[in-house]
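Let me begin by presenting the structure, written as structure tokens, before commenting on it.
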There are 2 protein chains.
Amino acid sequence: MANCSVAASIDVVGTRSAILILREAIFGTRRFEDFVHRVGIGEPAAAARLKELTAAGLLERVPYQEPGQRTRHEYQLTTKGMDFQPVVHALLQWGSKWETDEAGPPLRATHRACGAAVGVRIRCDAGHDVDPGDVAIEPGPGLITVS
Amino acid sequence: MANCSVAASIDVVGTRSAILILREAIFGTRRFEDFVHRVGIGEPAAAARLKELTAAGLLERVPYQEPGQRTRHEYQLTTKGMDFQPVVHALLQWGSKWETDEAGPPLRATHRACGAAVGVRIRCDAGHDVDPGDVAIEPGPGLITVS
DNA sequence: GGGCTGACTTCTGTTTGCCTAAGTCAGATT
DNA sequence: AATCTGACTTAGGCAAACAGAAGTCAGCCC
């Protein structure tokens with residue numbers, strides 16, 4: 001059946017709101033209220049998703065205190081959460097190309113060192129850029145054999 | 001709110017079964033029955049998803065005929081569907097790294113020309129490989145201004 | 001110590017996703 | 001004409017996802 005790590009990934013970030021929350025986290029959102037407003041979901045959904053993503057280890061709930069304010073908690077990306085960036089960039093890239101958005105991408109992702117726009121590419125271990133059509137899928141260990 | 005093409009993408013491939021169907025399509029599955037068995041979902045869900053993905057232009061329903069059989073239809077990836085590959089590879093890569101799968105990845109994706117394994121990388125337009133931590137997100141045209 | 005505020009939680013109700021089981025249907029085979 | 005098969009559709013039901021409104025709670029400020 002679905003014995004593939006794509007399915008495992010989807011078990012963690014399987015809902016629309018989870019991916020959207022993660023996108024916002026990657027884009028720099030930290031606070032509960034901001035997640036609710038920017039993602040455009042209700043508070044119960046935001047709370048549930050933040051709790052799940054924290055439990056799954058993609059976010060970390062850390063206390064912080066602004067001067068003159070009480071201590072609060074914000075949600076920071078862990079390494080595991082950071083590693084999810086290629087998925088978000090791939091979705092962003094595909095959506096920009098195929099699903100025309102009214103106002104164009106509202107955010108620009110750039111390489112901090114040189115300022116150029118970033119995107120994702122398929123690449124092989126030998127260092128070649130690979131076109132989607134030039135990827136060969138072969139049976140590996142544990143393939144489901146179909147009758 | 002969610003004025004970002006990530007959300008637009010999710011509107012098209014928002015469900016677990018849609019992504020799984022697409023994964024199988026990218027991995028070479030063409031026929032209805034095979035989608036049902038390999039993805040591990042029920043026939044109604046498969047039919048609904050295939051219809052939606054076809055309507056959205058990621059799959060194309062083309063007739064074919066095996067000798068001695070009646071004409072049937074199979075689902076072929078369009079260019080738009082092929083372009084979704086980076087998302088699937090990114091999910092695969094993330095899942096392989098962080099969500100340990102019992103038997104390891106059942107399929108190997110390789111570069112047809114050289115045989116090396118393929119994966120996705122974040123890259124900037126200047127040609128640098130970019131670490132997830134070195135991506136800067138900046139406001140672009142149409143950013144939601146938060147009060 | 002009462003008010004204020006951001007961060008939730010609880011409640012209720014609707015919609016969506018998906019399952020199983022049981023049809024239907026087209027068209028090649030007999 | 002009857003049968004078979006792969007590709008669906010229909011029916012009925014359960015569970016998860018989500019929204020909106022309202023309540024709770026912690027702790028700094030005054």
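Each chain of the structure tokens is named A, B, ... in the order shown, its residues numbered from 1; ligands are numbered from 1 in display order.
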All alpha helix (DSSP H) residues (DSSP, backbone) inside chain A, as a PyMOL selection string: chain A and resi 5-12+16-26+32-39+43-55+79-82+85-98
Store the residues picked out above in a file with C-alpha atoms, as a tab-separated table (two decimals), in the first residue's frame.
chain	number	residue	atom	x	y	z
A	5	SER	CA	7.73	8.23	3.28
A	6	VAL	CA	5.49	10.59	1.35
A	7	ALA	CA	2.62	9.05	3.29
A	8	ALA	CA	4.56	9.39	6.54
A	9	SER	CA	5.05	13.07	5.83
A	10	ILE	CA	1.39	13.56	5.11
A	11	ASP	CA	0.50	11.94	8.40
A	12	VAL	CA	2.33	14.80	10.11
A	16	ARG	CA	-4.59	22.33	4.87
A	17	SER	CA	-4.22	24.34	8.06
A	18	ALA	CA	-1.08	22.48	9.13
A	19	ILE	CA	0.75	23.34	5.92
A	20	LEU	CA	-0.46	26.92	6.06
A	21	ILE	CA	0.68	27.26	9.68
A	22	LEU	CA	4.05	25.84	8.72
A	23	ARG	CA	4.31	28.23	5.78
A	24	GLU	CA	3.70	31.15	8.12
A	25	ALA	CA	6.24	29.82	10.59
A	26	ILE	CA	8.80	29.60	7.80
A	32	PHE	CA	-0.55	32.78	18.20
A	33	GLU	CA	-2.64	35.78	17.19
A	34	ASP	CA	-0.52	36.33	14.09
A	35	PHE	CA	-0.94	32.73	13.01
A	36	VAL	CA	-4.70	33.07	13.38
A	37	HIS	CA	-4.89	36.30	11.37
A	38	ARG	CA	-2.34	35.57	8.66
A	39	VAL	CA	-3.40	32.03	7.97
A	43	GLU	CA	-8.55	30.04	16.90
A	44	PRO	CA	-9.49	26.45	17.76
A	45	ALA	CA	-7.95	25.16	14.54
A	46	ALA	CA	-4.80	27.22	15.06
A	47	ALA	CA	-4.41	26.01	18.64
A	48	ALA	CA	-4.90	22.38	17.63
A	49	ARG	CA	-2.45	22.57	14.74
A	50	LEU	CA	0.22	24.41	16.75
A	51	LYS	CA	-0.08	21.79	19.46
A	52	GLU	CA	0.25	18.95	16.96
A	53	LEU	CA	3.18	20.49	15.12
A	54	THR	CA	4.90	21.10	18.44
A	55	ALA	CA	4.27	17.51	19.50
A	79	THR	CA	15.63	22.02	12.60
A	80	LYS	CA	13.00	19.49	11.63
A	81	GLY	CA	10.62	22.31	10.83
A	82	MET	CA	13.28	24.23	8.91
A	85	GLN	CA	11.22	24.46	3.67
A	86	PRO	CA	11.79	22.68	0.35
A	87	VAL	CA	8.20	21.43	0.45
A	88	VAL	CA	6.84	24.91	1.01
A	89	HIS	CA	9.07	26.41	-1.66
A	90	ALA	CA	8.05	23.69	-4.08
A	91	LEU	CA	4.37	24.39	-3.42
A	92	LEU	CA	4.99	28.11	-3.77
A	93	GLN	CA	6.83	27.60	-7.03
A	94	TRP	CA	4.19	25.30	-8.49
A	95	GLY	CA	1.37	27.56	-7.39
A	96	SER	CA	3.04	30.64	-8.84
A	97	LYS	CA	3.49	28.92	-12.16
A	98	TRP	CA	0.15	27.17	-12.52
Can I have chain B aligned to chain A? Use a least-squares fit on all Cα atoms paired in order and write it out as a CSV table (one decimal) with C-alpha atoms, in the first residue's frame.
chain,number,residue,atom,x,y,z
B,1,MET,CA,0.0,-0.1,0.2
B,2,ALA,CA,1.2,3.4,1.1
B,3,ASN,CA,4.6,2.2,2.4
B,4,CYS,CA,6.4,5.4,1.3
B,5,SER,CA,7.7,8.3,3.3
B,6,VAL,CA,5.4,10.6,1.4
B,7,ALA,CA,2.6,9.1,3.3
B,8,ALA,CA,4.5,9.4,6.6
B,9,SER,CA,5.0,13.1,5.8
B,10,ILE,CA,1.3,13.6,5.1
B,11,ASP,CA,0.4,12.0,8.4
B,12,VAL,CA,2.3,14.8,10.1
B,13,VAL,CA,1.3,17.8,7.9
B,14,GLY,CA,-1.8,16.3,6.3
B,15,THR,CA,-4.3,19.2,6.6
B,16,ARG,CA,-4.5,22.4,4.7
B,17,SER,CA,-4.2,24.4,7.9
B,18,ALA,CA,-1.1,22.5,9.0
B,19,ILE,CA,0.8,23.4,5.9
B,20,LEU,CA,-0.4,27.0,6.0
B,21,ILE,CA,0.7,27.3,9.6
B,22,LEU,CA,4.1,25.9,8.7
B,23,ARG,CA,4.3,28.3,5.8
B,24,GLU,CA,3.7,31.2,8.1
B,25,ALA,CA,6.3,29.8,10.6
B,26,ILE,CA,8.8,29.6,7.8
B,27,PHE,CA,7.9,33.1,6.7
B,28,GLY,CA,8.7,34.3,10.2
B,29,THR,CA,5.5,34.3,12.2
B,30,ARG,CA,5.9,33.4,15.9
B,31,ARG,CA,2.9,34.4,17.9
B,32,PHE,CA,-0.5,32.7,18.2
B,33,GLU,CA,-2.6,35.8,17.2
B,34,ASP,CA,-0.5,36.3,14.1
B,35,PHE,CA,-0.9,32.7,13.0
B,36,VAL,CA,-4.6,33.1,13.4
B,37,HIS,CA,-4.8,36.3,11.4
B,38,ARG,CA,-2.3,35.6,8.7
B,39,VAL,CA,-3.4,32.1,7.9
B,40,GLY,CA,-7.0,33.1,8.1
B,41,ILE,CA,-8.3,30.2,10.3
B,42,GLY,CA,-10.2,30.1,13.5
B,43,GLU,CA,-8.5,30.1,16.9
B,44,PRO,CA,-9.5,26.5,17.7
B,45,ALA,CA,-8.0,25.2,14.5
B,46,ALA,CA,-4.8,27.2,15.0
B,47,ALA,CA,-4.4,26.0,18.6
B,48,ALA,CA,-4.9,22.4,17.5
B,49,ARG,CA,-2.5,22.6,14.7
B,50,LEU,CA,0.2,24.4,16.7
B,51,LYS,CA,-0.1,21.7,19.4
B,52,GLU,CA,0.2,18.9,16.9
B,53,LEU,CA,3.2,20.5,15.0
B,54,THR,CA,4.9,21.1,18.4
B,55,ALA,CA,4.2,17.5,19.4
B,56,ALA,CA,5.6,16.3,16.1
B,57,GLY,CA,8.8,18.3,16.7
B,58,LEU,CA,8.5,20.8,13.9
B,59,LEU,CA,7.8,23.7,16.2
B,60,GLU,CA,9.1,24.5,19.7
B,61,ARG,CA,7.1,26.5,22.3
B,62,VAL,CA,9.5,28.8,23.9
B,63,PRO,CA,8.8,31.4,26.6
B,64,TYR,CA,9.7,35.1,26.0
B,65,GLN,CA,9.0,38.3,27.7
B,66,GLU,CA,8.7,41.8,26.2
B,67,PRO,CA,9.6,44.6,28.6
B,68,GLY,CA,6.6,45.6,30.7
B,69,GLN,CA,4.7,42.5,29.5
B,70,ARG,CA,4.1,39.2,31.2
B,71,THR,CA,5.9,36.1,30.0
B,72,ARG,CA,4.4,34.6,26.9
B,73,HIS,CA,5.1,31.7,24.6
B,74,GLU,CA,6.1,31.8,20.9
B,75,TYR,CA,6.5,29.1,18.4
B,76,GLN,CA,9.9,28.7,16.9
B,77,LEU,CA,10.9,26.4,14.0
B,78,THR,CA,13.1,23.5,15.0
B,79,THR,CA,15.6,22.0,12.6
B,80,LYS,CA,13.0,19.5,11.6
B,81,GLY,CA,10.6,22.3,10.8
B,82,MET,CA,13.3,24.2,8.9
B,83,ASP,CA,13.9,21.2,6.8
B,84,PHE,CA,10.4,21.4,5.6
B,85,GLN,CA,11.2,24.5,3.6
B,86,PRO,CA,11.8,22.7,0.3
B,87,VAL,CA,8.2,21.4,0.4
B,88,VAL,CA,6.8,24.9,1.0
B,89,HIS,CA,9.1,26.4,-1.7
B,90,ALA,CA,8.0,23.7,-4.1
B,91,LEU,CA,4.4,24.4,-3.5
B,92,LEU,CA,5.0,28.1,-3.8
B,93,GLN,CA,6.8,27.6,-7.1
B,94,TRP,CA,4.2,25.3,-8.5
B,95,GLY,CA,1.4,27.6,-7.5
B,96,SER,CA,3.0,30.6,-8.9
B,97,LYS,CA,3.5,28.9,-12.2
B,98,TRP,CA,0.1,27.1,-12.6
B,99,GLU,CA,-2.4,28.7,-10.3
B,100,THR,CA,-2.4,32.4,-11.2
B,101,ASP,CA,-2.7,34.4,-8.0
B,102,GLU,CA,-4.4,37.8,-8.2
B,103,ALA,CA,-1.6,40.0,-6.8
B,104,GLY,CA,1.5,37.9,-7.5
B,105,PRO,CA,3.5,36.4,-4.7
B,106,PRO,CA,3.2,38.7,-1.6
B,107,LEU,CA,6.6,37.6,-0.3
B,108,ARG,CA,10.0,37.2,-1.9
B,109,ALA,CA,12.4,34.5,-0.7
B,110,THR,CA,16.0,35.4,-1.3
B,111,HIS,CA,19.4,34.0,-0.5
B,112,ARG,CA,20.7,35.9,2.5
B,113,ALA,CA,24.3,36.0,1.2
B,114,CYS,CA,23.7,37.3,-2.3
B,115,GLY,CA,20.1,38.6,-2.5
B,116,ALA,CA,19.0,36.5,-5.4
B,117,ALA,CA,15.6,34.8,-5.5
B,118,VAL,CA,15.5,31.2,-4.3
B,119,GLY,CA,13.5,28.3,-5.6
B,120,VAL,CA,13.8,24.5,-5.6
B,121,ARG,CA,15.4,22.3,-8.2
B,122,ILE,CA,15.5,18.6,-8.8
B,123,ARG,CA,19.1,17.5,-8.8
B,124,CYS,CA,20.9,14.2,-8.9
B,125,ASP,CA,23.8,13.1,-6.7
B,126,ALA,CA,26.2,13.5,-9.6
B,127,GLY,CA,25.4,17.2,-9.6
B,128,HIS,CA,23.2,17.5,-12.7
B,129,ASP,CA,20.0,19.5,-12.8
B,130,VAL,CA,17.3,17.1,-13.6
B,131,ASP,CA,14.1,17.8,-15.6
B,132,PRO,CA,10.9,16.4,-14.2
B,133,GLY,CA,10.7,14.2,-17.3
B,134,ASP,CA,14.1,12.8,-16.8
B,135,VAL,CA,13.5,11.2,-13.5
B,136,ALA,CA,13.3,7.4,-13.5
B,137,ILE,CA,11.5,5.6,-10.8
B,138,GLU,CA,12.8,2.1,-10.0
B,139,PRO,CA,11.8,-0.5,-7.5
B,140,GLY,CA,13.9,-0.4,-4.4
B,141,PRO,CA,13.9,-2.6,-1.3
B,142,GLY,CA,10.4,-3.1,0.1
B,143,LEU,CA,8.4,-2.3,-3.0
B,144,ILE,CA,4.8,-3.3,-2.8
B,145,THR,CA,4.4,-6.1,-5.4
B,146,VAL,CA,1.1,-5.7,-7.2
B,147,SER,CA,-0.5,-8.9,-8.2
Proximal residues of chain D relative to chain A (only C-alpha atoms (C1' of nucleotides); 12 Å) as a PyMOL selection string: chain D and resi 16-21+26-29
Backbone-only DSSP, strand (DSSP E or B) members of chain B, as a PyMOL selection string: chain B and resi 59-64+72-77+107-111+117-124+129+135-139
Using N, CA and C atoms, can you export the residues from the last selection as a short mmCIF file (atom, residue, chain, number, x, y, z; two decimals), in the first residue's frame?
data_model
loop_
_atom_site.label_atom_id
_atom_site.label_comp_id
_atom_site.auth_asym_id
_atom_site.auth_seq_id
_atom_site.Cartn_x
_atom_site.Cartn_y
_atom_site.Cartn_z
N LEU B 59 -3.89 15.73 -14.53
CA LEU B 59 -3.97 14.43 -15.18
C LEU B 59 -4.82 14.56 -16.43
N GLU B 60 -4.60 13.64 -17.35
CA GLU B 60 -5.38 13.63 -18.56
C GLU B 60 -5.93 12.23 -18.73
N ARG B 61 -7.20 12.13 -19.09
CA ARG B 61 -7.84 10.84 -19.24
C ARG B 61 -7.78 10.46 -20.70
N VAL B 62 -6.93 9.50 -21.03
CA VAL B 62 -6.75 9.15 -22.44
C VAL B 62 -7.16 7.70 -22.69
N PRO B 63 -7.83 7.46 -23.81
CA PRO B 63 -8.26 6.11 -24.14
C PRO B 63 -7.08 5.28 -24.62
N TYR B 64 -7.13 3.99 -24.34
CA TYR B 64 -6.11 3.08 -24.84
C TYR B 64 -6.78 1.74 -25.03
N ARG B 72 -10.20 1.25 -23.00
CA ARG B 72 -10.32 1.73 -21.63
C ARG B 72 -9.68 3.11 -21.55
N HIS B 73 -9.69 3.66 -20.35
CA HIS B 73 -9.07 4.97 -20.17
C HIS B 73 -7.98 4.86 -19.12
N GLU B 74 -6.92 5.58 -19.34
CA GLU B 74 -5.88 5.64 -18.33
C GLU B 74 -5.59 7.11 -18.02
N TYR B 75 -4.95 7.33 -16.88
CA TYR B 75 -4.68 8.69 -16.44
C TYR B 75 -3.21 9.00 -16.61
N GLN B 76 -2.94 9.95 -17.49
CA GLN B 76 -1.55 10.34 -17.75
C GLN B 76 -1.28 11.71 -17.17
N LEU B 77 -0.05 11.87 -16.67
CA LEU B 77 0.37 13.16 -16.14
C LEU B 77 0.48 14.17 -17.28
N LEU B 107 10.94 2.81 -3.35
CA LEU B 107 11.25 3.16 -4.73
C LEU B 107 12.48 4.06 -4.74
N ARG B 108 13.24 3.94 -5.80
CA ARG B 108 14.40 4.82 -5.95
C ARG B 108 14.18 5.71 -7.16
N ALA B 109 14.34 6.99 -6.97
CA ALA B 109 14.23 7.92 -8.10
C ALA B 109 15.65 8.24 -8.57
N THR B 110 15.89 8.04 -9.86
CA THR B 110 17.23 8.28 -10.38
C THR B 110 17.19 9.17 -11.62
N HIS B 111 18.32 9.76 -11.92
CA HIS B 111 18.47 10.57 -13.11
C HIS B 111 18.64 9.61 -14.29
N ALA B 117 21.00 8.97 -7.82
CA ALA B 117 19.76 9.26 -7.10
C ALA B 117 19.43 10.75 -7.18
N VAL B 118 18.14 11.06 -7.25
CA VAL B 118 17.77 12.47 -7.31
C VAL B 118 17.08 12.92 -6.03
N GLY B 119 17.17 14.23 -5.80
CA GLY B 119 16.51 14.84 -4.66
C GLY B 119 16.24 16.29 -5.00
N VAL B 120 15.71 17.05 -4.04
CA VAL B 120 15.49 18.46 -4.32
C VAL B 120 16.44 19.31 -3.48
N ARG B 121 16.82 20.43 -4.03
CA ARG B 121 17.68 21.37 -3.33
C ARG B 121 17.10 22.76 -3.45
N ILE B 122 17.32 23.55 -2.42
CA ILE B 122 16.98 24.96 -2.53
C ILE B 122 18.17 25.65 -3.20
N ARG B 123 17.87 26.46 -4.20
CA ARG B 123 18.96 27.10 -4.95
C ARG B 123 18.54 28.53 -5.26
N CYS B 124 19.50 29.43 -5.28
CA CYS B 124 19.17 30.80 -5.65
C CYS B 124 19.47 31.02 -7.13
N ASP B 129 23.85 26.91 -3.87
CA ASP B 129 23.02 26.06 -3.03
C ASP B 129 22.73 26.83 -1.75
N VAL B 135 17.74 31.33 4.02
CA VAL B 135 16.72 31.94 3.18
C VAL B 135 16.13 33.13 3.93
N ALA B 136 16.12 34.29 3.27
CA ALA B 136 15.50 35.47 3.86
C ALA B 136 14.15 35.70 3.21
N ILE B 137 13.14 35.97 4.03
CA ILE B 137 11.82 36.25 3.49
C ILE B 137 11.57 37.74 3.62
N GLU B 138 11.27 38.36 2.52
CA GLU B 138 11.03 39.81 2.54
C GLU B 138 9.65 40.11 1.97
N PRO B 139 9.09 41.23 2.44
CA PRO B 139 7.80 41.63 1.87
C PRO B 139 7.94 41.95 0.39
#
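Note that the spacing between C1' of DT14 (chain C) and C1' of DG13 (chain D) amounts to 16.2 Å.
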Residues near DC25 (chain D), cut-off 12 Å, only C-alpha atoms (C1' of nucleotides), skip fewer than 4 positions along chain, as number ranges by chain: C: 5-9
Would you give me, as JSON lines, each residue of chain C having an atom within 10 Å of an atom of chain B, along with its shortest atom pair and that distance in Å to one decimal, using only C-alpha atoms (C1' of nucleotides) and sorting by chain and residue number?
{"residue": "C:DG17", "atom": "C1'", "partner": "B:Ala45", "partner_atom": "CA", "distance": 8.2}
{"residue": "C:DC18", "atom": "C1'", "partner": "B:Ala45", "partner_atom": "CA", "distance": 6.8}
{"residue": "C:DC19", "atom": "C1'", "partner": "B:Gly42", "partner_atom": "CA", "distance": 6.9}
{"residue": "C:DT20", "atom": "C1'", "partner": "B:Gly42", "partner_atom": "CA", "distance": 8.7}
{"residue": "C:DA26", "atom": "C1'", "partner": "B:Arg70", "partner_atom": "CA", "distance": 8.7}
{"residue": "C:DG27", "atom": "C1'", "partner": "B:Arg70", "partner_atom": "CA", "distance": 6.0}
{"residue": "C:DA28", "atom": "C1'", "partner": "B:Arg70", "partner_atom": "CA", "distance": 5.4}
{"residue": "C:DT29", "atom": "C1'", "partner": "B:Gly68", "partner_atom": "CA", "distance": 8.7}
Interatomic distance, C1' of DG23 (chain D) to C1' of DT12 (chain C) (Å, one decimal): 13.7 Å
Point-to-point distance from C1' of DG12 (chain D) to C1' of DC25 (chain C), Å rounded to tenths: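 Atom-to-atom, C1' of DG12 (chain D) and C1' of DC25 (chain C) are spaced 22.2 Å apart.
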